[in-house]
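Taking it in order: structure first as structure tokens, then the write-up.
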Amino acid sequence: MFVVNGAMVGVFHIGEEFFAIDNRCPHAGASLAGGIIEQETVRCRIHHWKFCIRDGTYLDEDKPRFNARTFPVRVVGDDVQVRL
Ligand code: FES
């Protein structure tokens with residue numbers, strides 16, 4: 001988890017790509033960066049809601065209002081940059 005301009009952001013690495021998600025779980029605010037990663041998903045450690053790391057989709061039910069917010073990421077040299 002990183003703080004970017006005061007926002008807590010979870011940064012995930014899949015293969016050669018990086019993805020950034022609002023670190024606060026949409027359910028009750030637990031850290032998604034501290035969640036359980038399974039392939040391209042992260043499961044919150046508190047109540048086990050599951051999200052797509054690529055686009056933040058809440059995967060347990062078709063309830064888009066629970067999708068996690070995502071942010072664009074780019075890699076510049078050795079830096080991973082997140083745009084809020
Ligand atoms: S706080 Fe993440 S599933 Fe409840």
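Scheme for the structure tokens: letters A, B, ... for chains in order shown; per-chain residue numbers from 1; ligand numbers from 1 in order shown.
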
Query - Distance query region 23-38 of chain A at most 7 Å, only C-alpha atoms, self and fewer than 3 positions along chain excluded, as a VMD selection string - result: chain A and resid 1 8 to 10 41 to 46 66 to 68

Residues just named, written with C-alpha atoms as a short mmCIF file (atom, residue, chain, number, x, y, z; two decimals), in the first residue's frame:
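Generated output (result-v4.cif):
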data_model
loop_
_atom_site.label_atom_id
_atom_site.label_comp_id
_atom_site.auth_asym_id
_atom_site.auth_seq_id
_atom_site.Cartn_x
_atom_site.Cartn_y
_atom_site.Cartn_z
CA MET A 1 0.00 0.00 0.00
CA MET A 8 -4.20 5.06 0.08
CA VAL A 9 -3.59 3.03 -3.07
CA GLY A 10 -2.97 -0.68 -3.42
CA THR A 41 -8.03 -11.25 -8.19
CA VAL A 42 -7.66 -10.04 -4.64
CA ARG A 43 -9.84 -11.27 -1.81
CA CYS A 44 -10.32 -8.98 1.19
CA ARG A 45 -9.02 -10.56 4.39
CA ILE A 46 -11.90 -9.38 6.55
CA PHE A 66 -19.40 -2.42 -4.88
CA ASN A 67 -16.66 -2.24 -7.54
CA ALA A 68 -13.32 -1.00 -6.25
#

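Residues in contact with region 2-7 of chain A at 8 Å, where only C-alpha atoms are counted and same-chain residues fewer than 5 positions away are skipped, are listed as A:Asp22, A:Val82, A:Leu84.
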
Considering only strand (DSSP E or B) as DSSP defines it on the backbone, what residues of region 5-62 of chain A qualify? List them as a ChimeraX atom specification.
/A:7-14,17-22,24,31,36-38,41-43,50-52,58

Save the residues we just selected, N, CA and C atoms, as a PDB file, in the first residue's frame?
ATOM      1  N   ALA A   7      -4.091   9.776  -0.700  1.00  0.00           N
ATOM      2  CA  ALA A   7      -4.989   8.639  -0.893  1.00  0.00           C
ATOM      3  C   ALA A   7      -4.218   7.331  -0.738  1.00  0.00           C
ATOM      4  N   MET A   8      -4.830   6.367  -0.080  1.00  0.00           N
ATOM      5  CA  MET A   8      -4.200   5.059   0.081  1.00  0.00           C
ATOM      6  C   MET A   8      -4.508   4.215  -1.155  1.00  0.00           C
ATOM      7  N   VAL A   9      -3.458   3.755  -1.809  1.00  0.00           N
ATOM      8  CA  VAL A   9      -3.590   3.028  -3.071  1.00  0.00           C
ATOM      9  C   VAL A   9      -2.881   1.684  -2.945  1.00  0.00           C
ATOM     10  N   GLY A  10      -3.582   0.641  -3.351  1.00  0.00           N
ATOM     11  CA  GLY A  10      -2.969  -0.681  -3.424  1.00  0.00           C
ATOM     12  C   GLY A  10      -2.403  -0.875  -4.821  1.00  0.00           C
ATOM     13  N   VAL A  11      -1.145  -1.224  -4.914  1.00  0.00           N
ATOM     14  CA  VAL A  11      -0.511  -1.443  -6.220  1.00  0.00           C
ATOM     15  C   VAL A  11      -0.212  -2.934  -6.351  1.00  0.00           C
ATOM     16  N   PHE A  12      -0.670  -3.504  -7.464  1.00  0.00           N
ATOM     17  CA  PHE A  12      -0.528  -4.935  -7.709  1.00  0.00           C
ATOM     18  C   PHE A  12       0.270  -5.158  -8.983  1.00  0.00           C
ATOM     19  N   HIS A  13       0.987  -6.261  -9.019  1.00  0.00           N
ATOM     20  CA  HIS A  13       1.862  -6.586 -10.130  1.00  0.00           C
ATOM     21  C   HIS A  13       1.430  -7.934 -10.695  1.00  0.00           C
ATOM     22  N   ILE A  14       1.009  -7.932 -11.960  1.00  0.00           N
ATOM     23  CA  ILE A  14       0.624  -9.184 -12.624  1.00  0.00           C
ATOM     24  C   ILE A  14       1.468  -9.294 -13.874  1.00  0.00           C
ATOM     25  N   GLU A  17       2.700  -6.210 -15.862  1.00  0.00           N
ATOM     26  CA  GLU A  17       1.815  -5.054 -15.701  1.00  0.00           C
ATOM     27  C   GLU A  17       1.603  -4.703 -14.231  1.00  0.00           C
ATOM     28  N   PHE A  18       1.365  -3.413 -13.994  1.00  0.00           N
ATOM     29  CA  PHE A  18       1.015  -2.925 -12.664  1.00  0.00           C
ATOM     30  C   PHE A  18      -0.409  -2.379 -12.696  1.00  0.00           C
ATOM     31  N   PHE A  19      -1.095  -2.518 -11.576  1.00  0.00           N
ATOM     32  CA  PHE A  19      -2.464  -2.019 -11.447  1.00  0.00           C
ATOM     33  C   PHE A  19      -2.609  -1.342 -10.088  1.00  0.00           C
ATOM     34  N   ALA A  20      -3.412  -0.286 -10.059  1.00  0.00           N
ATOM     35  CA  ALA A  20      -3.623   0.458  -8.814  1.00  0.00           C
ATOM     36  C   ALA A  20      -5.106   0.502  -8.484  1.00  0.00           C
ATOM     37  N   ILE A  21      -5.420   0.179  -7.233  1.00  0.00           N
ATOM     38  CA  ILE A  21      -6.800   0.126  -6.747  1.00  0.00           C
ATOM     39  C   ILE A  21      -6.877   0.906  -5.444  1.00  0.00           C
ATOM     40  N   ASP A  22      -7.998   1.607  -5.263  1.00  0.00           N
ATOM     41  CA  ASP A  22      -8.248   2.239  -3.970  1.00  0.00           C
ATOM     42  C   ASP A  22      -8.060   1.170  -2.883  1.00  0.00           C
ATOM     43  N   ARG A  24      -9.016   0.970   0.071  1.00  0.00           N
ATOM     44  CA  ARG A  24     -10.127   0.728   0.998  1.00  0.00           C
ATOM     45  C   ARG A  24     -11.152  -0.201   0.359  1.00  0.00           C
ATOM     46  N   SER A  31      -7.968  -3.062   4.190  1.00  0.00           N
ATOM     47  CA  SER A  31      -6.903  -2.887   3.196  1.00  0.00           C
ATOM     48  C   SER A  31      -6.950  -3.991   2.144  1.00  0.00           C
ATOM     49  N   ILE A  36      -5.783 -11.341  -0.086  1.00  0.00           N
ATOM     50  CA  ILE A  36      -5.248 -12.614  -0.596  1.00  0.00           C
ATOM     51  C   ILE A  36      -5.335 -12.580  -2.122  1.00  0.00           C
ATOM     52  N   ILE A  37      -4.182 -12.681  -2.771  1.00  0.00           N
ATOM     53  CA  ILE A  37      -4.134 -12.615  -4.228  1.00  0.00           C
ATOM     54  C   ILE A  37      -4.272 -14.020  -4.799  1.00  0.00           C
ATOM     55  N   GLU A  38      -5.204 -14.162  -5.753  1.00  0.00           N
ATOM     56  CA  GLU A  38      -5.422 -15.436  -6.438  1.00  0.00           C
ATOM     57  C   GLU A  38      -5.457 -15.126  -7.933  1.00  0.00           C
ATOM     58  N   THR A  41      -7.024 -11.760  -9.121  1.00  0.00           N
ATOM     59  CA  THR A  41      -8.030 -11.247  -8.194  1.00  0.00           C
ATOM     60  C   THR A  41      -7.398 -11.037  -6.825  1.00  0.00           C
ATOM     61  N   VAL A  42      -8.070 -10.198  -6.030  1.00  0.00           N
ATOM     62  CA  VAL A  42      -7.663 -10.041  -4.638  1.00  0.00           C
ATOM     63  C   VAL A  42      -8.909 -10.224  -3.781  1.00  0.00           C
ATOM     64  N   ARG A  43      -8.745 -10.988  -2.720  1.00  0.00           N
ATOM     65  CA  ARG A  43      -9.843 -11.267  -1.806  1.00  0.00           C
ATOM     66  C   ARG A  43      -9.550 -10.557  -0.483  1.00  0.00           C
ATOM     67  N   LYS A  50     -14.349 -10.523  -3.159  1.00  0.00           N
ATOM     68  CA  LYS A  50     -13.334 -10.744  -4.193  1.00  0.00           C
ATOM     69  C   LYS A  50     -13.451  -9.692  -5.300  1.00  0.00           C
ATOM     70  N   PHE A  51     -12.300  -9.156  -5.723  1.00  0.00           N
ATOM     71  CA  PHE A  51     -12.253  -8.102  -6.732  1.00  0.00           C
ATOM     72  C   PHE A  51     -11.247  -8.455  -7.821  1.00  0.00           C
ATOM     73  N   CYS A  52     -11.557  -8.012  -9.045  1.00  0.00           N
ATOM     74  CA  CYS A  52     -10.612  -8.137 -10.155  1.00  0.00           C
ATOM     75  C   CYS A  52      -9.515  -7.082  -9.974  1.00  0.00           C
ATOM     76  N   TYR A  58     -16.224  -6.025  -8.591  1.00  0.00           N
ATOM     77  CA  TYR A  58     -16.622  -6.894  -7.474  1.00  0.00           C
ATOM     78  C   TYR A  58     -17.133  -8.194  -8.088  1.00  0.00           C
TER      79      TYR A  58
END

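Nearest to ligand 1 of all the residues A:Trp49, A:Glu16, A:Glu40, A:Glu61 is A:Trp49, based on only C-alpha atoms and all ligand atoms.
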
note - CA of Thr57 (chain A) and CA of Thr70 (chain A) are separated by 9.4 Å

What separates CA of Asp55 (chain A) and CA of Val80 (chain A) is a distance of 17.5 Å

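Considering the residues A:Val75, A:Gln39, A:His47, A:Leu59 and counting only C-alpha atoms and all ligand atoms, ligand 1 has its shortest atom-to-atom contact with A:His47.
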
In Å and to one decimal, CA of Pro72 (chain A) is distant from CA of Arg54 (chain A) by 10.4 Å
